[in-house]
Amino acid sequence: MFILLTPIVVLIVLPWLFWQTVKAVNRYIFNRLEYSCRFVVNKAHEGDVIYLIEEIHNNCFLPAKRLMTSIHASRWLEFATTQSTLVGLTRVVTSEFSLKAYERIRRTWYLRCAKRGVYEIKNNTLTLASIFGLSVQSAAIPVNTKLIVYPEIVDLRYLILSGNDFFGDTVVRRWILDDPFITAGAREYLPGDPMNRIHWAATARQNTVMVRKNDYTAKLDILVLLNIQSRDNEYEDVIDKDLIEYGIKVAATVFDLALKNGARIQFGCNAGTEEDRTKTVLTESDASSNHIQHLLTILSGLVLKNVRYFEEFLKNATENKRDAEILILTSYMNLEMTDIVRDLIRARNRVKILMLDPYARAFAMPVGADLYYV
Amino acid sequence: MFREHFKDYRFAFLRGLLTIYPFILLIDARIAKRNTWYPEFLMFLFCSLFAFVAGIAYEGYYYNRQKQKEYPTLRKFRPTAALGAVIFAVLLYGILLKIEELPRVTYALSRGMVAYLFMGIAFFARDAKKEKKTDFLLAVPSLIITILLYFIFPGTRRIYGNLAMLTLVFHGILYTVCHTRVPDRIRESYKRFQSKHRIGALLKKWSAFFNKAWQYAVELFKSIGKALKSITVNFTLFKGMKRLIVGIYRFFRKDKGTKISKHSDYIDEIDTLFGEDRMNNEIRYTVRGLMKIKDPVKKVRYAFGLVMWNLKEKKVGIKYYDTVPVIEEKSKVIENLDPYMKPLCELYQDVRYGDRKVNALSSEQAADLAISADETIKASYYQPKTYANSDFDFRRE
């Protein structure tokens, strides 16, 4: 009997036992591995180089020699010189670790943010192979790290001709107090006028005492409206994506300028965001840096699909809007939009149209609306 | 082609052989006694297998694999790993032995170990980039030791003659054919083959050996079974072995700070962090620990701590500055936990902030709630909404 069993034991049972032992040991090591992965920063701008930290600790007295991790990141996060695999919009970066007993490795990756967006790394894959590849343990480890990449800031200085453009004060008809920095002209001296207000040149000219007459000004709220449609007859998806991406960059630049000038700003767009793709965007008006960050975050997560036609959106967003500065970022201008703009000007709004497409024609531009080709 | 290959891989090959060397010496020591021949053969099989795995795998496979990638940090690990493997095997061997044989075995082991260490020093001190002359000089001590051992202990020679025993496997297959229900024609021809030819006679002789080997194997398995039954002994042995390995490892890793290795696309910071060091600073909350506590106030606080520990393990995102109502609110992300958390939080608040006394019944109630909550949390599936790098780590939908 034992003679019958001997070859079975030697050829089958012993290798099987060895295999099972290797598997058990591999599982034991794998269960004692600790893994984490995170971006060093929460927010970055397009084109920035940031770091991603992978940390792995072998909390076991046996070595984990053939360990492989796969980072499932967005394809728009470019890892420096690494051979990564692109699967649709996902970039899979595979790297190997060789850990001794109780060893911890902190791997710092350089990566470049190629495009604006909200990037999340939810799960990374951890694979541990045993000797001779007899056993392979693998699991998806939740890492939950998030990065918001803001759009790039472009140079718009050539558009701003005077200090009052975009973010300056505007003259209004009636107000309580006058603006000491804005001089409208000169008037005759009245009892009670201070001496330092006397306009000596005008006094000499008129042969009577004249004082400076100041104007009444107000700082206007700015409403930035971005048209996500690149063409007039666009149904849902954006056709000319580069044009709209540039529009988003221009909007980000306007927000940045608003923050520097302390202007109150409001943003609207006829597209949805990653959080809610079915609703258009129309924010509150505010001047705080938190608000600007919020606006930039919205821009980062903007989906290139129009939820409503821009004419309809423009009409609704600017309803009852008075004494405001409205910047419309659009790739085209049709007659319906022109009519709405005319109504806005009638309601004492300052309207500026920033045309994204350099070859686009604006039909029947109303008097009072400024047109810029950015 | 072969020469080039050997040139690249010769160190790995030699080191692989070196790992087997102490086991050969062990068998040598036992064979010299003659009265315990079969156990050593089984030991030889086991040790060869182990040595093959430890020696060839570590020394050959990984070394060359890493060498190709120009990853030199592994080199220092090899002597330690090889030594660790030897100690591991020796300890395993020690489990199977009776205490009366200990002095004799200790002698054999020490001889093997000393020889191994000397040879190890000779080989591991080598560097592939050094001159051939230095290589030769370093190899001389190992050569002298080998020659001395070979001549002083003639039993060593015997082992080489016994390598032929590996053919027994094939003999076993033939013998099986003979003793099972096979056509008589084949059986008869095999018996004729056994009685007439010289090889046949040899096989017959080895059959007797096989009977003895099998008997011993049965005894050995029985003794292993008995040893396994004694859980306490094995547990202590395992713990002891683990501590020994960690101790040796700590000794080698002592005073070694963080190493930084720069690559084209990433930077690695490598350091050693022992689990025990980290665990000493943390308090572990367990159900067992909860049941041990007698003081009602401490019991309620421990019960709450147990739930907090589990929520932390699930990465619910509770911060040290969160108040009890906030914790209660946050814990709602785990399904079906609210019925346990609400009364437990009330009890905890009374004890922790209300400065109220609780009776034993309330504390038992808190313990029951905590145990139920513990089971619920462990059974639940929760994908954390917290982000590893976010400032605010909790976000409600």
# chains A, B, ... in the order shown; residues from 1 in each chain; ligands from 1
$ closest_atom_pairs --of "chain A" --to "chain B" --cutoff "6 Å" --atoms "only C-alpha atoms" --output "JSON lines"
{"residue": "A:Ile3", "atom": "CA", "partner": "B:Thr176", "partner_atom": "CA", "distance": 5.9}
{"residue": "A:Leu4", "atom": "CA", "partner": "B:Thr176", "partner_atom": "CA", "distance": 5.2}
{"residue": "A:Arg38", "atom": "CA", "partner": "B:Ala388", "partner_atom": "CA", "distance": 5.6}
{"residue": "A:Asn59", "atom": "CA", "partner": "B:Gly275", "partner_atom": "CA", "distance": 5.8}
{"residue": "A:Ala80", "atom": "CA", "partner": "B:Asp265", "partner_atom": "CA", "distance": 5.2}
{"residue": "A:Tyr102", "atom": "CA", "partner": "B:Phe274", "partner_atom": "CA", "distance": 5.3}
{"residue": "A:Glu103", "atom": "CA", "partner": "B:Thr272", "partner_atom": "CA", "distance": 4.2}
{"residue": "A:Arg104", "atom": "CA", "partner": "B:Asp271", "partner_atom": "CA", "distance": 5.4}
{"residue": "A:Ile105", "atom": "CA", "partner": "B:Ile270", "partner_atom": "CA", "distance": 4.6}
{"residue": "A:Arg106", "atom": "CA", "partner": "B:Glu269", "partner_atom": "CA", "distance": 5.0}
{"residue": "A:Arg107", "atom": "CA", "partner": "B:Asp268", "partner_atom": "CA", "distance": 4.5}
{"residue": "A:Thr108", "atom": "CA", "partner": "B:Ile267", "partner_atom": "CA", "distance": 5.2}
{"residue": "A:Trp109", "atom": "CA", "partner": "B:Tyr266", "partner_atom": "CA", "distance": 4.5}
{"residue": "A:Asn144", "atom": "CA", "partner": "B:Tyr387", "partner_atom": "CA", "distance": 4.9}
{"residue": "A:Thr145", "atom": "CA", "partner": "B:Tyr387", "partner_atom": "CA", "distance": 4.7}
$ residues_around --residues "region 320-336 of chain A" --least-positions-apart "4" --cutoff "9 Å" --atoms "only C-alpha atoms" --output "PyMOL selection string"
chain A and resi 166-167+172+219-232+243-244+247-248+250-251+311+340-341+344-345+347-358+360-365
$ select_by_dssp --residues "region 180-282 of chain A" --states "helix (DSSP H, G or I)" --output "ChimeraX atom specification"
/A:195-197,200-206,241-261
$ write_last_selection --atoms "N, CA and C atoms" --output "mmCIF file, in the first residue's frame"
data_model
loop_
_atom_site.group_PDB
_atom_site.id
_atom_site.type_symbol
_atom_site.label_atom_id
_atom_site.label_comp_id
_atom_site.auth_asym_id
_atom_site.auth_seq_id
_atom_site.Cartn_x
_atom_site.Cartn_y
_atom_site.Cartn_z
ATOM 1 N N MET A 195 -11.601 125.046 1.375
ATOM 2 C CA MET A 195 -10.640 125.823 0.593
ATOM 3 C C MET A 195 -9.831 124.946 -0.368
ATOM 4 N N ASN A 196 -9.600 123.714 0.075
ATOM 5 C CA ASN A 196 -8.748 122.856 -0.779
ATOM 6 C C ASN A 196 -9.480 122.365 -2.032
ATOM 7 N N ARG A 197 -10.765 122.679 -2.157
ATOM 8 C CA ARG A 197 -11.494 122.267 -3.347
ATOM 9 C C ARG A 197 -11.460 123.351 -4.426
ATOM 10 N N TRP A 200 -8.051 126.700 -8.965
ATOM 11 C CA TRP A 200 -7.408 128.007 -9.171
ATOM 12 C C TRP A 200 -7.316 128.375 -10.638
ATOM 13 N N ALA A 201 -7.108 127.440 -11.473
ATOM 14 C CA ALA A 201 -7.003 127.721 -12.909
ATOM 15 C C ALA A 201 -8.337 128.223 -13.452
ATOM 16 N N ALA A 202 -9.421 127.534 -13.031
ATOM 17 C CA ALA A 202 -10.760 127.953 -13.473
ATOM 18 C C ALA A 202 -11.140 129.315 -12.885
ATOM 19 N N THR A 203 -10.697 129.554 -11.648
ATOM 20 C CA THR A 203 -10.962 130.833 -10.980
ATOM 21 C C THR A 203 -10.340 131.981 -11.782
ATOM 22 N N ALA A 204 -9.104 131.771 -12.239
ATOM 23 C CA ALA A 204 -8.390 132.784 -13.009
ATOM 24 C C ALA A 204 -9.084 133.019 -14.346
ATOM 25 N N ARG A 205 -9.551 131.913 -14.932
ATOM 26 C CA ARG A 205 -10.214 132.002 -16.233
ATOM 27 C C ARG A 205 -11.554 132.729 -16.132
ATOM 28 N N GLN A 206 -12.359 132.411 -15.125
ATOM 29 C CA GLN A 206 -13.714 132.934 -14.981
ATOM 30 C C GLN A 206 -13.766 134.258 -14.206
ATOM 31 N N LYS A 241 -13.990 72.164 -29.126
ATOM 32 C CA LYS A 241 -13.671 72.104 -27.694
ATOM 33 C C LYS A 241 -12.560 73.074 -27.304
ATOM 34 N N ASP A 242 -11.577 73.220 -28.184
ATOM 35 C CA ASP A 242 -10.439 74.092 -27.875
ATOM 36 C C ASP A 242 -10.894 75.532 -27.645
ATOM 37 N N LEU A 243 -11.865 75.953 -28.457
ATOM 38 C CA LEU A 243 -12.383 77.317 -28.355
ATOM 39 C C LEU A 243 -13.028 77.553 -26.992
ATOM 40 N N ILE A 244 -13.822 76.577 -26.563
ATOM 41 C CA ILE A 244 -14.529 76.710 -25.279
ATOM 42 C C ILE A 244 -13.554 76.588 -24.110
ATOM 43 N N GLU A 245 -12.566 75.708 -24.279
ATOM 44 C CA GLU A 245 -11.537 75.592 -23.237
ATOM 45 C C GLU A 245 -10.816 76.936 -23.063
ATOM 46 N N TYR A 246 -10.599 77.612 -24.205
ATOM 47 C CA TYR A 246 -9.960 78.927 -24.124
ATOM 48 C C TYR A 246 -10.893 79.922 -23.424
ATOM 49 N N GLY A 247 -12.194 79.788 -23.706
ATOM 50 C CA GLY A 247 -13.183 80.648 -23.041
ATOM 51 C C GLY A 247 -13.161 80.453 -21.536
ATOM 52 N N ILE A 248 -13.013 79.220 -21.123
ATOM 53 C CA ILE A 248 -12.950 78.912 -19.684
ATOM 54 C C ILE A 248 -11.703 79.555 -19.074
ATOM 55 N N LYS A 249 -10.611 79.519 -19.817
ATOM 56 C CA LYS A 249 -9.367 80.148 -19.340
ATOM 57 C C LYS A 249 -9.561 81.659 -19.200
ATOM 58 N N VAL A 250 -10.247 82.256 -20.176
ATOM 59 C CA VAL A 250 -10.501 83.701 -20.122
ATOM 60 C C VAL A 250 -11.363 84.030 -18.901
ATOM 61 N N ALA A 251 -12.380 83.193 -18.660
ATOM 62 C CA ALA A 251 -13.245 83.406 -17.492
ATOM 63 C C ALA A 251 -12.418 83.336 -16.210
ATOM 64 N N ALA A 252 -11.512 82.356 -16.152
ATOM 65 C CA ALA A 252 -10.653 82.219 -14.964
ATOM 66 C C ALA A 252 -9.782 83.455 -14.785
ATOM 67 N N THR A 253 -9.314 84.006 -15.900
ATOM 68 C CA THR A 253 -8.481 85.213 -15.840
ATOM 69 C C THR A 253 -9.289 86.400 -15.318
ATOM 70 N N VAL A 254 -10.548 86.490 -15.770
ATOM 71 C CA VAL A 254 -11.425 87.571 -15.302
ATOM 72 C C VAL A 254 -11.647 87.437 -13.788
ATOM 73 N N PHE A 255 -11.851 86.212 -13.326
ATOM 74 C CA PHE A 255 -12.042 85.987 -11.880
ATOM 75 C C PHE A 255 -10.794 86.408 -11.112
ATOM 76 N N ASP A 256 -9.656 86.063 -11.681
ATOM 77 C CA ASP A 256 -8.374 86.396 -11.036
ATOM 78 C C ASP A 256 -8.217 87.918 -10.933
ATOM 79 N N LEU A 257 -8.568 88.610 -12.018
ATOM 80 C CA LEU A 257 -8.483 90.087 -12.017
ATOM 81 C C LEU A 257 -9.474 90.672 -11.015
ATOM 82 N N ALA A 258 -10.654 90.061 -10.938
ATOM 83 C CA ALA A 258 -11.679 90.538 -9.999
ATOM 84 C C ALA A 258 -11.188 90.410 -8.565
ATOM 85 N N LEU A 259 -10.508 89.313 -8.300
ATOM 86 C CA LEU A 259 -9.969 89.110 -6.942
ATOM 87 C C LEU A 259 -8.935 90.177 -6.606
ATOM 88 N N LYS A 260 -8.102 90.504 -7.607
ATOM 89 C CA LYS A 260 -7.056 91.511 -7.379
ATOM 90 C C LYS A 260 -7.670 92.894 -7.175
ATOM 91 N N ASN A 261 -8.793 93.181 -7.879
ATOM 92 C CA ASN A 261 -9.423 94.490 -7.790
ATOM 93 C C ASN A 261 -10.510 94.566 -6.727
#
$ closest_residue --among "B:Lys357, B:Val316, B:Glu219, B:Leu347" --to "Tyr381 (chain B)" --atoms "only C-alpha atoms"
B:Val316
$ atom_distance --atom1 "CA of Leu62 (chain A)" --atom2 "CA of Ile29 (chain A)"
6.8 Å
$ atom_distance --atom1 "CA of Tyr285 (chain B)" --atom2 "CA of Ile371 (chain B)"
11.4 Å
$ atom_distance --atom1 "CA of Ser130 (chain A)" --atom2 "CA of Thr85 (chain A)"
24.5 Å
$ closest_residue --among "B:Leu361, B:Ile224, B:Val351, B:Ala379" --to "Phe304 (chain B)" --atoms "only C-alpha atoms"
B:Val351
$ select_by_dssp --residues "region 110-246 of chain A" --states "strand (DSSP E)" --output "short mmCIF file (atom, residue, chain, number, x, y, z; two decimals) with N, CA and C atoms, in the first residue's frame"
data_model
loop_
_atom_site.label_atom_id
_atom_site.label_comp_id
_atom_site.auth_asym_id
_atom_site.auth_seq_id
_atom_site.Cartn_x
_atom_site.Cartn_y
_atom_site.Cartn_z
N TYR A 110 6.45 62.75 -9.52
CA TYR A 110 6.24 64.07 -10.12
C TYR A 110 5.15 63.91 -11.16
N LEU A 111 4.22 64.83 -11.17
CA LEU A 111 3.25 64.78 -12.27
C LEU A 111 2.81 66.17 -12.67
N ARG A 112 2.47 66.29 -13.92
CA ARG A 112 2.09 67.60 -14.48
C ARG A 112 0.60 67.59 -14.79
N CYS A 113 -0.06 68.67 -14.37
CA CYS A 113 -1.50 68.77 -14.62
C CYS A 113 -1.67 69.32 -16.05
N GLY A 117 -9.67 70.30 -14.44
CA GLY A 117 -10.61 69.23 -14.13
C GLY A 117 -10.59 68.89 -12.65
N VAL A 118 -11.51 68.03 -12.28
CA VAL A 118 -11.54 67.52 -10.90
C VAL A 118 -11.15 66.05 -10.99
N TYR A 119 -9.99 65.74 -10.45
CA TYR A 119 -9.46 64.39 -10.59
C TYR A 119 -9.49 63.66 -9.26
N GLU A 120 -10.04 62.48 -9.31
CA GLU A 120 -10.12 61.65 -8.10
C GLU A 120 -9.41 60.34 -8.38
N ILE A 121 -8.63 59.89 -7.41
CA ILE A 121 -8.10 58.53 -7.50
C ILE A 121 -8.84 57.76 -6.41
N LYS A 122 -9.69 56.86 -6.83
CA LYS A 122 -10.52 56.16 -5.84
C LYS A 122 -9.86 54.87 -5.35
N ASN A 123 -9.46 54.06 -6.28
CA ASN A 123 -8.88 52.77 -5.89
C ASN A 123 -7.57 52.52 -6.63
N ASN A 124 -6.61 52.01 -5.93
CA ASN A 124 -5.38 51.55 -6.56
C ASN A 124 -5.27 50.05 -6.36
N THR A 125 -4.62 49.41 -7.28
CA THR A 125 -4.50 47.95 -7.18
C THR A 125 -3.14 47.57 -6.61
N LEU A 126 -3.19 46.68 -5.66
CA LEU A 126 -1.97 46.19 -5.01
C LEU A 126 -1.85 44.70 -5.32
N THR A 127 -0.73 44.29 -5.85
CA THR A 127 -0.55 42.89 -6.22
C THR A 127 0.75 42.37 -5.63
N LEU A 128 0.65 41.25 -4.95
CA LEU A 128 1.84 40.63 -4.36
C LEU A 128 1.99 39.24 -4.94
N ALA A 129 3.14 39.00 -5.55
CA ALA A 129 3.40 37.67 -6.11
C ALA A 129 4.39 36.94 -5.23
N VAL A 136 -0.56 34.60 -6.34
CA VAL A 136 -0.66 36.04 -6.56
C VAL A 136 -1.85 36.58 -5.77
N GLN A 137 -1.57 37.49 -4.88
CA GLN A 137 -2.63 38.13 -4.10
C GLN A 137 -2.84 39.53 -4.66
N SER A 138 -4.07 39.89 -4.85
CA SER A 138 -4.35 41.20 -5.42
C SER A 138 -5.62 41.78 -4.81
N ALA A 139 -5.63 43.08 -4.62
CA ALA A 139 -6.83 43.74 -4.08
C ALA A 139 -6.84 45.19 -4.51
N ALA A 140 -8.06 45.73 -4.60
CA ALA A 140 -8.22 47.16 -4.88
C ALA A 140 -8.28 47.89 -3.55
N ILE A 141 -7.33 48.77 -3.33
CA ILE A 141 -7.25 49.48 -2.06
C ILE A 141 -7.88 50.86 -2.23
N PRO A 142 -8.88 51.22 -1.41
CA PRO A 142 -9.46 52.57 -1.55
C PRO A 142 -8.47 53.63 -1.06
N VAL A 143 -8.20 54.61 -1.90
CA VAL A 143 -7.25 55.66 -1.52
C VAL A 143 -7.94 57.03 -1.39
N ASN A 144 -8.95 57.27 -2.22
CA ASN A 144 -9.76 58.49 -2.12
C ASN A 144 -8.94 59.76 -1.99
N THR A 145 -8.28 60.08 -3.02
CA THR A 145 -7.55 61.34 -3.04
C THR A 145 -8.06 62.18 -4.22
N LYS A 146 -8.14 63.49 -3.98
CA LYS A 146 -8.80 64.35 -4.95
C LYS A 146 -7.93 65.57 -5.27
N LEU A 147 -7.95 65.95 -6.51
CA LEU A 147 -7.19 67.12 -6.94
C LEU A 147 -8.06 67.97 -7.86
N ILE A 148 -8.11 69.26 -7.55
CA ILE A 148 -8.85 70.17 -8.42
C ILE A 148 -7.83 70.98 -9.21
N VAL A 149 -7.89 70.86 -10.51
CA VAL A 149 -6.96 71.62 -11.35
C VAL A 149 -7.73 72.79 -11.96
N TYR A 150 -7.34 73.99 -11.54
CA TYR A 150 -7.99 75.20 -12.04
C TYR A 150 -7.50 75.50 -13.47
N ASP A 169 -14.68 102.12 -11.55
CA ASP A 169 -15.95 102.68 -11.10
C ASP A 169 -16.70 103.24 -12.31
N THR A 170 -17.99 103.34 -12.19
CA THR A 170 -18.77 103.93 -13.27
C THR A 170 -19.59 105.11 -12.72
N VAL A 171 -19.82 106.07 -13.60
CA VAL A 171 -20.52 107.28 -13.16
C VAL A 171 -22.02 107.01 -13.13
N THR A 183 -13.40 114.01 -11.07
CA THR A 183 -13.78 115.42 -11.23
C THR A 183 -14.58 115.56 -12.52
N ALA A 184 -15.83 116.05 -12.37
CA ALA A 184 -16.68 116.20 -13.54
C ALA A 184 -16.48 117.57 -14.20
N GLY A 185 -16.08 118.60 -13.42
CA GLY A 185 -15.87 119.94 -13.97
C GLY A 185 -15.70 120.94 -12.84
N ALA A 186 -16.16 122.18 -13.05
CA ALA A 186 -16.03 123.19 -11.99
C ALA A 186 -17.34 123.94 -11.85
N ARG A 187 -17.58 124.43 -10.66
CA ARG A 187 -18.79 125.24 -10.42
C ARG A 187 -18.40 126.42 -9.53
N GLU A 188 -19.34 127.33 -9.38
CA GLU A 188 -19.04 128.52 -8.56
C GLU A 188 -18.96 128.14 -7.09
N MET A 210 -13.98 129.56 -8.26
CA MET A 210 -14.57 128.29 -8.73
C MET A 210 -14.04 127.12 -7.91
N VAL A 211 -14.89 126.15 -7.72
CA VAL A 211 -14.43 124.91 -7.02
C VAL A 211 -14.64 123.70 -7.93
N ARG A 212 -13.91 122.64 -7.60
CA ARG A 212 -14.03 121.40 -8.40
C ARG A 212 -15.39 120.74 -8.12
N LYS A 213 -15.99 120.26 -9.19
CA LYS A 213 -17.26 119.55 -9.01
C LYS A 213 -16.98 118.05 -9.20
N ASN A 214 -17.23 117.29 -8.14
CA ASN A 214 -16.99 115.84 -8.22
C ASN A 214 -18.23 115.11 -8.72
N THR A 217 -20.20 108.21 -8.29
CA THR A 217 -19.82 106.91 -8.94
C THR A 217 -20.34 105.74 -8.11
N ALA A 218 -20.27 104.61 -8.73
CA ALA A 218 -20.62 103.36 -8.02
C ALA A 218 -19.80 102.24 -8.61
N LYS A 219 -19.44 101.33 -7.74
CA LYS A 219 -18.71 100.15 -8.22
C LYS A 219 -19.74 99.12 -8.64
N ASP A 221 -21.50 95.59 -9.96
CA ASP A 221 -21.36 94.13 -9.88
C ASP A 221 -21.03 93.62 -11.27
N ILE A 222 -20.18 92.63 -11.31
CA ILE A 222 -19.82 92.07 -12.62
C ILE A 222 -20.50 90.72 -12.76
N LEU A 223 -21.12 90.54 -13.89
CA LEU A 223 -21.72 89.24 -14.20
C LEU A 223 -20.99 88.67 -15.41
N VAL A 224 -20.36 87.54 -15.21
CA VAL A 224 -19.66 86.88 -16.32
C VAL A 224 -20.53 85.74 -16.80
N LEU A 225 -20.86 85.79 -18.08
CA LEU A 225 -21.69 84.72 -18.64
C LEU A 225 -20.91 84.01 -19.75
N LEU A 226 -20.76 82.73 -19.58
CA LEU A 226 -20.00 81.94 -20.56
C LEU A 226 -20.96 81.12 -21.40
#
$ decode --residues "region 274-286 of chain A" --atoms "N, CA, C and O atoms" --output "short mmCIF file (atom, residue, chain, number, x, y, z; two decimals), in the first residue's frame"
data_model
loop_
_atom_site.label_atom_id
_atom_site.label_comp_id
_atom_site.auth_asym_id
_atom_site.auth_seq_id
_atom_site.Cartn_x
_atom_site.Cartn_y
_atom_site.Cartn_z
N GLU A 274 -19.51 68.67 -13.04
CA GLU A 274 -19.34 67.23 -12.76
C GLU A 274 -20.28 66.78 -11.65
O GLU A 274 -20.74 65.64 -11.65
N GLU A 275 -20.54 67.67 -10.69
CA GLU A 275 -21.40 67.29 -9.56
C GLU A 275 -22.85 67.15 -10.00
O GLU A 275 -23.54 66.24 -9.55
N ASP A 276 -23.31 68.08 -10.83
CA ASP A 276 -24.67 68.00 -11.34
C ASP A 276 -24.67 68.40 -12.82
O ASP A 276 -24.55 69.57 -13.16
N ARG A 277 -24.81 67.43 -13.67
CA ARG A 277 -24.67 67.68 -15.10
C ARG A 277 -25.95 68.24 -15.72
O ARG A 277 -25.95 68.65 -16.87
N THR A 278 -27.05 68.17 -14.99
CA THR A 278 -28.34 68.54 -15.59
C THR A 278 -28.72 69.99 -15.31
O THR A 278 -29.69 70.48 -15.88
N LYS A 279 -28.02 70.66 -14.44
CA LYS A 279 -28.40 72.04 -14.09
C LYS A 279 -27.37 73.03 -14.59
O LYS A 279 -26.16 72.77 -14.55
N THR A 280 -27.87 74.19 -15.01
CA THR A 280 -26.96 75.25 -15.45
C THR A 280 -26.35 75.92 -14.21
O THR A 280 -26.83 75.73 -13.10
N VAL A 281 -25.34 76.74 -14.44
CA VAL A 281 -24.63 77.36 -13.32
C VAL A 281 -24.99 78.83 -13.25
O VAL A 281 -24.93 79.54 -14.26
N LEU A 282 -25.42 79.29 -12.08
CA LEU A 282 -25.59 80.72 -11.83
C LEU A 282 -25.32 80.94 -10.35
O LEU A 282 -26.09 80.51 -9.49
N THR A 283 -24.20 81.60 -10.06
CA THR A 283 -23.77 81.71 -8.66
C THR A 283 -24.27 83.02 -8.05
O THR A 283 -24.85 83.86 -8.73
N GLU A 284 -23.98 83.17 -6.77
CA GLU A 284 -24.26 84.42 -6.07
C GLU A 284 -23.16 85.42 -6.42
O GLU A 284 -22.10 85.05 -6.93
N SER A 285 -23.40 86.71 -6.09
CA SER A 285 -22.39 87.74 -6.33
C SER A 285 -21.61 88.00 -5.04
O SER A 285 -22.21 88.20 -3.98
N ASP A 286 -20.31 87.94 -5.14
CA ASP A 286 -19.46 88.15 -3.95
C ASP A 286 -18.06 88.54 -4.40
O ASP A 286 -17.71 88.37 -5.57
#
